[in-house]
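Below is one structure, written out as structure tokens; the observations come after it.
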Amino acid sequence: MSENAVPEGFVSGGALDLDFGWGRMVVQTLGQDRDSSLLPAKKRMCQIVLRLEPIFLHEKRFSRLGSVLLIITTALYVSARAYVEHEIHRATSMLADASQVQVGATEATVLPLVGRYGGYKWKTEPLSPREDWSDRDEYDYQKNLLSDYRFSLEVSPFGLLTTNGHFGQRGRVTQSIRATINTLPARLRAVFGLRDWGTAVDLSIRGGRVQSVSGMVLVEGRSRWLGHEWEFASAMPEHGIQANVFFVESGILEMENNGGAIIQDIFTPKASEEEVQTSRKFNTACLTSIRGCDGFCDFTPRTLEYLKQHPDAAGNIIPPKCP
């Protein structure tokens, strides 16, 4: 039957052409023949004529909608990956720049670094009164290490470590971003390149000179948070280990959505080049890994290898056995 043919037993009653913008629908009405017994068939035929084209048009419309959604999803994925890669570049550059800072350098020499990464200044909290300390020698040691103030620099693609430099709190935009990130499952975010992480650099100033500089990385691992921190200081942070020039400790992390652990490498100007390089190495692939890094064997393998060869450098850490 041709497109405009009239079935046997019917006469054409005219046609109505409807243009909806997203498609056209042609409705052809069929008049009744002499044989009234054909009336039910006529009704069914009219229904067929009315339904065939809308079904086709809806399928075409859904196909276009699916294509648009695919394009939008792809664009969002590419944009997210590009943004994260850009932030990783900024983070690694910040840590590399911080590693060039020398203990004893003047404050003026580090101000360009602070400005480059939008750093801010913190006033150091004073120590509690000496009589409150059970170990007075430790108090005297800490008093000589107390800085006047410090500068903090941060790079966090999703505001993990971002705070208001004047009040030490997150702004409303950062709070909204954090709420969204914490709502989405970590595994789903990782597929789209949205694994949560953050980096920070601290510069402590005493008497107008750099007393210590540290760099820290926090990242969502496969089952828990992982942290790595290195600190280059004029002296060890505790009286009991002041004779060491390189020391490794560990600590507990308490994050917004999970717990974890952090490994800390501390060294002084007397540390060897091997110890300096060891302390600053971490696996950057953990920041974008879809599966996620599983423990320090994945995240800081070089430090663990060093401790295996030099167990006397280990503080409160029990190095895991890596495969």
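Ordered as shown in the structure tokens, chains take letters A, B, and onward, while each chain numbers its residues from 1 and ligands are numbered from 1 in the order shown.
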- Task: Show which residues sit within 10 Å of Lys281 in chain A, as a PyMOL selection string. Count only C-alpha atoms, and ignore same-chain residues fewer than 2 positions away.
- Result: chain A and resi 228-230+276-279+283-284+299-303
Could you write out that same residue set with N, CA and C atoms as an mmCIF file, in the first residue's frame?
```
data_model
loop_
_atom_site.group_PDB
_atom_site.id
_atom_site.type_symbol
_atom_site.label_atom_id
_atom_site.label_comp_id
_atom_site.auth_asym_id
_atom_site.auth_seq_id
_atom_site.Cartn_x
_atom_site.Cartn_y
_atom_site.Cartn_z
ATOM 1 N N HIS A 228 51.362 11.531 53.682
ATOM 2 C CA HIS A 228 52.828 11.562 53.663
ATOM 3 C C HIS A 228 53.270 12.992 53.941
ATOM 4 N N GLU A 229 54.194 13.147 54.880
ATOM 5 C CA GLU A 229 54.691 14.480 55.230
ATOM 6 C C GLU A 229 56.199 14.446 55.403
ATOM 7 N N TRP A 230 56.871 15.424 54.840
ATOM 8 C CA TRP A 230 58.289 15.585 55.089
ATOM 9 C C TRP A 230 58.517 16.960 55.732
ATOM 10 N N VAL A 276 67.500 12.881 52.224
ATOM 11 C CA VAL A 276 66.685 14.013 51.767
ATOM 12 C C VAL A 276 65.767 13.586 50.623
ATOM 13 N N GLN A 277 66.321 12.890 49.639
ATOM 14 C CA GLN A 277 65.523 12.445 48.491
ATOM 15 C C GLN A 277 64.483 11.417 48.912
ATOM 16 N N THR A 278 64.855 10.525 49.824
ATOM 17 C CA THR A 278 63.924 9.505 50.301
ATOM 18 C C THR A 278 62.713 10.140 50.975
ATOM 19 N N SER A 279 62.956 11.152 51.780
ATOM 20 C CA SER A 279 61.885 11.756 52.560
ATOM 21 C C SER A 279 60.828 12.435 51.700
ATOM 22 N N ASN A 283 54.207 8.335 45.701
ATOM 23 C CA ASN A 283 53.659 7.865 44.433
ATOM 24 C C ASN A 283 52.537 8.788 43.978
ATOM 25 N N THR A 284 52.813 9.667 43.009
ATOM 26 C CA THR A 284 51.804 10.614 42.523
ATOM 27 C C THR A 284 50.646 9.922 41.816
ATOM 28 N N PHE A 299 52.024 3.828 48.439
ATOM 29 C CA PHE A 299 52.116 5.279 48.508
ATOM 30 C C PHE A 299 53.534 5.805 48.730
ATOM 31 N N THR A 300 54.276 5.205 49.656
ATOM 32 C CA THR A 300 55.635 5.678 49.976
ATOM 33 C C THR A 300 56.625 4.511 50.003
ATOM 34 N N PRO A 301 56.797 3.821 48.906
ATOM 35 C CA PRO A 301 57.669 2.631 48.897
ATOM 36 C C PRO A 301 59.134 2.948 49.184
ATOM 37 N N ARG A 302 59.592 4.151 48.794
ATOM 38 C CA ARG A 302 61.015 4.459 48.977
ATOM 39 C C ARG A 302 61.362 4.616 50.458
ATOM 40 N N THR A 303 60.494 5.234 51.225
ATOM 41 C CA THR A 303 60.746 5.378 52.660
ATOM 42 C C THR A 303 60.785 4.023 53.342
#
```
- Message: Can you tell me which residues surround range 239-256 of chain A at a distance of at most 7 Å, considering only C-alpha atoms, apart from same-chain residues fewer than 6 positions away, and format the answer as a count of residues only?
- Response: 17
- Figure out the distance between CA of Gly221 in chain A and CA of Cys293 in chain A, please, to one decimal in Å.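 Those two atoms sit 4.9 Å apart.
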- Query: For Leu146 in chain A, which residue among A:Gly119, A:Pro237, A:Gly259, A:Pro112 is the nearest when counting only C-alpha atoms?
  - Reply: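 Checking each of A:Gly119, A:Pro237, A:Gly259, A:Pro112 against Leu146 in chain A, counting only C-alpha atoms, the winner is A:Pro237.
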- Step one, run DSSP on the backbone; step two, keep only residues of range 54-203 of chain A assigned to strand (DSSP E or B); then write them as a PyMOL selection string. chain A and resi 106+120-123+149-155+197-203
- Write out as a list in words each polymer residue whose atoms come within 6 Å of range 190-203 of chain A, counting only C-alpha atoms; drop sequence neighbours fewer than 2 positions from it. Tyr77, Arg81, Arg150, Phe151, Ser152, Leu153, Glu154, Val155, Ser156, Leu160, Arg187, Leu188, Val213, Ser214, Gly215, Met216, Val217, Leu218, Val219, Glu220 and Ile290 of chain A
Limited to C-alpha atoms, could you put the picked residues into a file as a PDB file, in the first residue's frame?
```
ATOM      1  CA  TYR A  77      34.530  13.674  32.287  1.00  0.00           C
ATOM      2  CA  ARG A  81      40.220  14.971  34.288  1.00  0.00           C
ATOM      3  CA  ARG A 150      54.272  30.588  59.733  1.00  0.00           C
ATOM      4  CA  PHE A 151      53.032  30.724  56.158  1.00  0.00           C
ATOM      5  CA  SER A 152      50.663  28.039  54.843  1.00  0.00           C
ATOM      6  CA  LEU A 153      50.167  27.137  51.179  1.00  0.00           C
ATOM      7  CA  GLU A 154      47.558  24.696  49.872  1.00  0.00           C
ATOM      8  CA  VAL A 155      46.485  22.975  46.677  1.00  0.00           C
ATOM      9  CA  SER A 156      43.296  20.919  46.964  1.00  0.00           C
ATOM     10  CA  LEU A 160      40.098  19.238  51.253  1.00  0.00           C
ATOM     11  CA  ARG A 187      34.577   4.449  44.010  1.00  0.00           C
ATOM     12  CA  LEU A 188      32.147   6.311  41.750  1.00  0.00           C
ATOM     13  CA  VAL A 213      59.719  23.924  55.879  1.00  0.00           C
ATOM     14  CA  SER A 214      57.370  20.985  55.415  1.00  0.00           C
ATOM     15  CA  GLY A 215      55.275  19.426  52.662  1.00  0.00           C
ATOM     16  CA  MET A 216      52.261  17.159  53.087  1.00  0.00           C
ATOM     17  CA  VAL A 217      50.032  15.046  50.820  1.00  0.00           C
ATOM     18  CA  LEU A 218      46.730  13.437  51.825  1.00  0.00           C
ATOM     19  CA  VAL A 219      44.824  11.102  49.490  1.00  0.00           C
ATOM     20  CA  GLU A 220      41.890   8.710  49.601  1.00  0.00           C
ATOM     21  CA  ILE A 290      40.786   4.402  39.836  1.00  0.00           C
TER      22      ILE A 290
END
```
- Smallest atom-to-atom distance to Gly118 in chain A: which of A:Met94, A:Leu287, A:Met236, A:Ile318, using only C-alpha atoms?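 The shortest atom-to-atom distance to Gly118 in chain A comes from A:Met94.
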Fewer than 3 positions away in the same chain doesn't count, so skip those; otherwise give me all residues within 8 Å of range 104-108 of chain A, counting only C-alpha atoms, as a PDB file with N, CA, C and O atoms, in the first residue's frame.
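So out_32.pdb came out as:
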```pdb
ATOM      1  N   VAL A 101      63.688  25.489  49.315  1.00  0.00           N
ATOM      2  CA  VAL A 101      63.870  26.431  50.421  1.00  0.00           C
ATOM      3  C   VAL A 101      64.870  25.867  51.418  1.00  0.00           C
ATOM      4  O   VAL A 101      64.790  24.703  51.821  1.00  0.00           O
ATOM      5  N   LEU A 111      58.825  34.850  50.264  1.00  0.00           N
ATOM      6  CA  LEU A 111      57.574  35.560  50.005  1.00  0.00           C
ATOM      7  C   LEU A 111      57.066  35.377  48.565  1.00  0.00           C
ATOM      8  O   LEU A 111      55.844  35.270  48.355  1.00  0.00           O
ATOM      9  N   PRO A 112      57.933  35.329  47.543  1.00  0.00           N
ATOM     10  CA  PRO A 112      57.425  35.046  46.193  1.00  0.00           C
ATOM     11  C   PRO A 112      56.732  33.689  46.094  1.00  0.00           C
ATOM     12  O   PRO A 112      55.718  33.554  45.402  1.00  0.00           O
ATOM     13  N   ILE A 205      58.748  30.724  60.493  1.00  0.00           N
ATOM     14  CA  ILE A 205      59.703  31.841  60.533  1.00  0.00           C
ATOM     15  C   ILE A 205      60.017  32.205  61.979  1.00  0.00           C
ATOM     16  O   ILE A 205      59.115  32.346  62.815  1.00  0.00           O
ATOM     17  N   GLY A 208      62.926  36.381  61.595  1.00  0.00           N
ATOM     18  CA  GLY A 208      63.058  36.819  60.202  1.00  0.00           C
ATOM     19  C   GLY A 208      63.694  35.799  59.278  1.00  0.00           C
ATOM     20  O   GLY A 208      63.974  36.110  58.118  1.00  0.00           O
ATOM     21  N   ARG A 209      63.897  34.565  59.780  1.00  0.00           N
ATOM     22  CA  ARG A 209      64.516  33.519  58.948  1.00  0.00           C
ATOM     23  C   ARG A 209      63.710  32.218  59.009  1.00  0.00           C
ATOM     24  O   ARG A 209      62.967  31.974  59.974  1.00  0.00           O
ATOM     25  N   VAL A 210      63.874  31.406  57.978  1.00  0.00           N
ATOM     26  CA  VAL A 210      63.160  30.136  57.899  1.00  0.00           C
ATOM     27  C   VAL A 210      63.724  29.173  58.935  1.00  0.00           C
ATOM     28  O   VAL A 210      64.921  28.881  58.936  1.00  0.00           O
ATOM     29  N   GLN A 211      62.838  28.703  59.800  1.00  0.00           N
ATOM     30  CA  GLN A 211      63.256  27.736  60.814  1.00  0.00           C
ATOM     31  C   GLN A 211      62.975  26.310  60.371  1.00  0.00           C
ATOM     32  O   GLN A 211      63.729  25.387  60.684  1.00  0.00           O
ATOM     33  N   SER A 234      65.621  22.954  61.389  1.00  0.00           N
ATOM     34  CA  SER A 234      66.946  23.256  61.951  1.00  0.00           C
ATOM     35  C   SER A 234      67.324  22.260  63.031  1.00  0.00           C
ATOM     36  O   SER A 234      68.510  22.046  63.308  1.00  0.00           O
TER      37      SER A 234
END
```
- DSSP says helix (DSSP H, G or I) for which residues of range 232-284 of chain A? Put them as JSON, numbers by chain? {"A": [239, 240, 241, 273, 274, 275, 276, 277, 278, 279, 284]}
- Pick the closest to Lys121 in chain A from A:Pro319, A:Trp133, A:Ser204, A:Ser93: which is it, counting only C-alpha atoms? A:Ser204
- Query: What is the CA of Ala285 in chain A to CA of Glu85 in chain A distance in Å?
  - Reply: 10.9 Å
